[in-house]
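Just below is one structure, and these are the notes that go with it.
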Amino acid sequence: MASLTVFPAIDLKAGKVVRLAEGDMARATVYGEDPAAQAQAFAAAGADHLHVVDLDGAFAGKTVNRAAVDQAIRAFPGKVQLGGGIRTRDTIERWLEIGVARIVIGTAAMENPALVREAARVHPGRIVVAVDARDGMVATNGWADVTNVSVEELARRFEDAGVAALLFTDVGRDGLLKGCNVEATVALARAVDIPVIASGGVAGIGDIEALTGHVRDGVEGVITGRALYDGRLDLAEAIRVAKG
């Protein structure tokens, strides 16, 4: 039986481990100043996958927290999935070369789809397309801009590209502990032939249980951040439940 992959998240702003509310950089809560220590703590709890985001990079359109990202990558013994401001082939190659398992591309998937297709061709199974949504429409540039493209439309553009997964985030729930938008996540997974990773709003073990029930629909994993940092979700328990 296939299981759900739990990705604990490390979001980086000015080198610190933070969580945002609805993607708003002005609403950041700092949870630590040592990305490496946080990565090690997640590994100690049983995590074999880690999701890292360069938040400053997502807004700047280029890598900003390089040192902090390096620290987290090198400290984590499992597989690291990295996103935030990755918009060129050189940047993709650089991160893959130092050990990142999968690269998450968001804004560039809208603005430069050829980059995603080429990267997925050269690095099969290592490119993830971020499908970030506000009210069902794709948001870009650190979620600051909302397009007129629907989530499903963007996802379908890459159905034949060989991308590893879609990372679906309901921006309106992210960092608010409102509960994951399971319905929208499952709807996307059923609509396309690409595995989907859920993100945004995970509030507790109930969200993990709900998503685990939809692995056969194509839900591959779930990213969780604030619920872990606030002590509302125990990572070891989440991983146990996700494995069924």
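Following the order of the structure tokens, chains are lettered A, B, ..., residues in each are numbered from 1, and ligands are numbered from 1.
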* Asked: Can you tell me, as a PyMOL selection string, what residues are no more than 6 Å from segment 85-90 of chain A when counting only C-alpha atoms, ignoring any on the same chain fewer than 3 positions away?
  -> chain A and resi 57-58+61-63+93+108
Only C-alpha atoms, please: the residues just picked out, written as a compact mmCIF listing (two decimals), in the first residue's frame.
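New file result_2.txt:
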# COMPACT_ATOMS: atom_id res chain seq x y z
CA GLY A 57 14.23 34.54 -3.03
CA ALA A 58 10.60 33.99 -4.01
CA GLY A 61 13.28 36.18 -8.20
CA LYS A 62 16.73 34.85 -7.34
CA THR A 63 18.45 33.00 -4.51
CA GLU A 93 21.82 22.95 -11.82
CA ALA A 108 8.79 30.44 -13.80
* To do: Excluding Ala165 of chain A and residues on its chain fewer than 4 positions from it, collect all residues at most 9 Å away from it, counting only C-alpha atoms, and give them as number ranges by chain.
  => A: 125-130, 194-197, 220
Using only C-alpha atoms, tabulate the residues of segment 83-200 of chain A lying at most 10 Å from any atom of segment 211-216 of chain A, each with its closest atom pair and that distance in Å to one decimal, by chain and increasing residue number, as CSV.
residue,atom,partner,partner_atom,distance
A:Cys180,CA,A:Leu211,CA,8.9
A:Asn181,CA,A:Leu211,CA,9.7
A:Val182,CA,A:Leu211,CA,6.6
A:Glu183,CA,A:Leu211,CA,9.5
A:Thr185,CA,A:Leu211,CA,8.8
A:Val186,CA,A:His214,CA,6.9
A:Ala189,CA,A:His214,CA,9.0
A:Arg190,CA,A:Arg216,CA,9.5
A:Pro195,CA,A:Val215,CA,9.1
A:Val196,CA,A:Val215,CA,9.4
A:Ile197,CA,A:Leu211,CA,9.8
A:Ala198,CA,A:Leu211,CA,8.2
Since we have the selection now, will you write its residues out, keeping C-alpha atoms, as a PDB file, in the first residue's frame?
ATOM      1  CA  CYS A 180      -5.750  21.832   4.682  1.00  0.00           C
ATOM      2  CA  ASN A 181      -8.021  22.303   1.663  1.00  0.00           C
ATOM      3  CA  VAL A 182      -8.401  18.574   1.154  1.00  0.00           C
ATOM      4  CA  GLU A 183     -11.291  18.925  -1.284  1.00  0.00           C
ATOM      5  CA  THR A 185      -6.226  19.075  -3.383  1.00  0.00           C
ATOM      6  CA  VAL A 186      -8.053  15.851  -4.212  1.00  0.00           C
ATOM      7  CA  ALA A 189      -5.120  15.101  -8.136  1.00  0.00           C
ATOM      8  CA  ARG A 190      -8.097  13.483  -9.847  1.00  0.00           C
ATOM      9  CA  PRO A 195       1.030  13.290  -8.258  1.00  0.00           C
ATOM     10  CA  VAL A 196      -0.046  16.175  -6.015  1.00  0.00           C
ATOM     11  CA  ILE A 197       1.530  17.391  -2.776  1.00  0.00           C
ATOM     12  CA  ALA A 198      -0.815  19.245  -0.426  1.00  0.00           C
TER      13      ALA A 198
END
Near-Arg240 of chain A list (10 Å; only C-alpha atoms; drop same-chain fewer than 4 positions) as a short mmCIF file (atom, residue, chain, number, x, y, z; two decimals) with N, CA, C and O atoms, in the first residue's frame:
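This went into selection.cif:
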data_model
loop_
_atom_site.label_atom_id
_atom_site.label_comp_id
_atom_site.auth_asym_id
_atom_site.auth_seq_id
_atom_site.Cartn_x
_atom_site.Cartn_y
_atom_site.Cartn_z
N SER A 3 2.04 5.03 0.66
CA SER A 3 1.84 5.90 1.82
C SER A 3 2.02 7.35 1.43
O SER A 3 2.54 7.68 0.36
N LEU A 4 1.59 8.22 2.32
CA LEU A 4 1.70 9.67 2.13
C LEU A 4 3.06 10.12 2.66
O LEU A 4 3.49 9.69 3.73
N VAL A 6 5.32 12.88 4.34
CA VAL A 6 5.21 14.10 5.14
C VAL A 6 6.48 14.92 4.98
O VAL A 6 7.59 14.43 5.24
N GLY A 46 12.17 11.48 12.73
CA GLY A 46 11.85 10.43 11.77
C GLY A 46 11.61 10.88 10.34
O GLY A 46 11.30 10.06 9.48
N ILE A 208 -3.69 15.06 8.25
CA ILE A 208 -2.85 13.96 7.76
C ILE A 208 -3.72 12.73 7.49
O ILE A 208 -3.58 12.07 6.45
N LEU A 235 5.43 15.47 14.75
CA LEU A 235 5.94 15.00 13.48
C LEU A 235 6.04 13.47 13.43
O LEU A 235 5.66 12.85 12.44
N ALA A 236 6.52 12.87 14.49
CA ALA A 236 6.64 11.41 14.51
C ALA A 236 5.28 10.74 14.35
O ALA A 236 5.14 9.76 13.61
N GLY A 244 0.26 4.74 7.11
CA GLY A 244 -0.88 3.82 7.14
C GLY A 244 -0.67 2.68 8.12
O GLY A 244 -1.25 1.61 7.98
#
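One finds atom CA of Ile105 of chain A at 10.5 Å from atom CA of Thr140 of chain A.
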* Asked: Closest to Ala47 of chain A among A:Arg157, A:Lys243, A:Arg121, A:Arg94, using only C-alpha atoms?
  -> A:Lys243
